Amino acid sequence: VRIPQSGVFSYPLIGEVEAAGKTSVDLERDMRDRLAKDYLQDPHVTVVVEEYAPRKVYILGGIEKPDRYTLLPTEKITLLQLISAAGGITDRAHKHRVQIVRRTGKATREVIRLSLQDVEGALERGNAEADIELQPDDLVVIPAGARVVYVLGAVKSPGWFDIPSDTRMTV
């Protein structure tokens, strides 16, 4: 059975089965108990994971290569590792205003605010836990000190231009 994104699938006799957040052993036990309760004597259930769903983290803002990064099923990545994979921060990045947007439920999210300067300082003091381990679907936002303006159409030099955040501009 392919498990849909909701984490719930339908199985003969027992109906809906909640797989999200369970190990294969927990899922086997749950299905075996439900089948034994009303339908079968001494059922044998085996759950084998054939393929894990891809896990992704995202980073944008004052970073050299903003993008979506795919992780292997057993791979873990921290905030600083993701920043490194994304080419590092730009010289206009606001290191003290980093945000991690994290899903906390099916329809809820939380925002974790931190300073990269504080994280780096804690690492220097030997606190490895300061480099937060990211979770699947985390979005890391590192605000940039510049705004980008796109000029398109019948102009001499179309393209994008950095405008410092303290600069006022009109068309």
# chains A, B, ... in the order shown; residues from 1 in each chain; ligands from 1
>>> select_by_dssp(residues="chain A", states="alpha helix (DSSP H)", output="ChimeraX atom specification")
/A:24-38,79-85,116-124
>>> residues_around(residues="Val98 in chain A", least_positions_apart="2", cutoff="9 Å", atoms="only C-alpha atoms", output="list in words")
His94, Lys95, His96, Ile100, Ile112, Arg113, Leu114, Ser115, Leu116, Val140, Val141, Ile142 and Pro143 of chain A
>>> closest_residue(among="A:Arg34, A:Leu80, A:Thr74, A:Asp91", to="Leu123 in chain A", atoms="only C-alpha atoms")
A:Leu80
>>> atom_distance(atom1="CA of Leu60 in chain A", atom2="CA of Leu139 in chain A")
7.9 Å
>>> residues_around(residues="Ala86 in chain A", least_positions_apart="6", cutoff="9 Å", atoms="only C-alpha atoms", output="JSON, numbers by chain")
{"A": [59, 63, 64, 65, 66, 67, 69]}
>>> residues_around(residues="Arg103 in chain A", least_positions_apart="2", cutoff="9 Å", atoms="only C-alpha atoms", output="PyMOL selection string")
chain A and resi 101+105-111+135-138
>>> residues_around(residues="Glu133 in chain A", least_positions_apart="6", cutoff="10 Å", atoms="only C-alpha atoms", output="PyMOL selection string")
chain A and resi 76-82
>>> atom_distance(atom1="CA of Ile132 in chain A", atom2="CA of Val57 in chain A")
13.1 Å
>>> select_by_dssp(residues="chain A", states="strand (DSSP E)", output="tab-separated table (two decimals) with C-alpha atoms, in the first residue's frame")
chain	number	residue	atom	x	y	z
A	8	VAL	CA	-3.84	7.50	6.49
A	9	PHE	CA	-4.65	4.55	4.23
A	10	SER	CA	-7.52	2.10	3.93
A	11	TYR	CA	-6.98	-1.62	4.51
A	15	GLY	CA	-10.71	0.36	7.38
A	16	GLU	CA	-8.60	3.44	7.90
A	17	VAL	CA	-5.12	2.98	9.33
A	18	GLU	CA	-3.07	5.90	10.65
A	55	ARG	CA	12.26	15.02	2.29
A	56	LYS	CA	12.89	18.63	1.37
A	57	VAL	CA	14.04	21.80	3.10
A	58	TYR	CA	13.93	25.27	1.60
A	59	ILE	CA	16.10	28.34	1.97
A	60	LEU	CA	15.65	31.82	0.54
A	61	GLY	CA	16.66	35.42	1.02
A	67	ASP	CA	16.48	26.74	-3.55
A	68	ARG	CA	14.79	23.55	-2.41
A	69	TYR	CA	17.22	20.92	-1.11
A	70	THR	CA	16.32	17.22	-1.07
A	71	LEU	CA	17.50	15.00	1.75
A	98	VAL	CA	16.91	34.52	10.55
A	99	GLN	CA	13.56	32.74	10.64
A	100	ILE	CA	12.69	29.06	10.34
A	101	VAL	CA	9.07	28.40	9.39
A	102	ARG	CA	8.16	24.93	10.62
A	103	ARG	CA	4.97	22.90	10.25
A	109	ARG	CA	3.08	26.47	11.53
A	110	GLU	CA	5.46	28.13	13.93
A	111	VAL	CA	8.19	30.68	13.30
A	112	ILE	CA	11.52	30.18	15.05
A	113	ARG	CA	13.53	33.41	15.17
A	114	LEU	CA	17.26	33.40	15.80
A	139	LEU	CA	11.63	26.98	5.29
A	140	VAL	CA	14.68	29.05	6.26
A	141	VAL	CA	14.40	32.77	5.54
A	142	ILE	CA	17.48	34.97	5.81
A	146	ALA	CA	18.63	44.98	-0.38
A	147	ARG	CA	15.46	45.00	-2.36
A	148	VAL	CA	15.33	43.67	-5.89
A	149	VAL	CA	13.58	45.63	-8.61
A	150	TYR	CA	12.79	44.12	-12.00
A	151	VAL	CA	12.72	46.39	-15.05
A	159	GLY	CA	16.86	43.06	-15.88
A	160	TRP	CA	16.97	43.02	-12.11
A	161	PHE	CA	18.72	45.51	-9.87
A	162	ASP	CA	19.57	45.54	-6.17
A	163	ILE	CA	18.20	48.57	-4.36
A	164	PRO	CA	19.57	49.08	-0.83
>>> atom_distance(atom1="CA of Lys37 in chain A", atom2="CA of Val49 in chain A")
25.1 Å
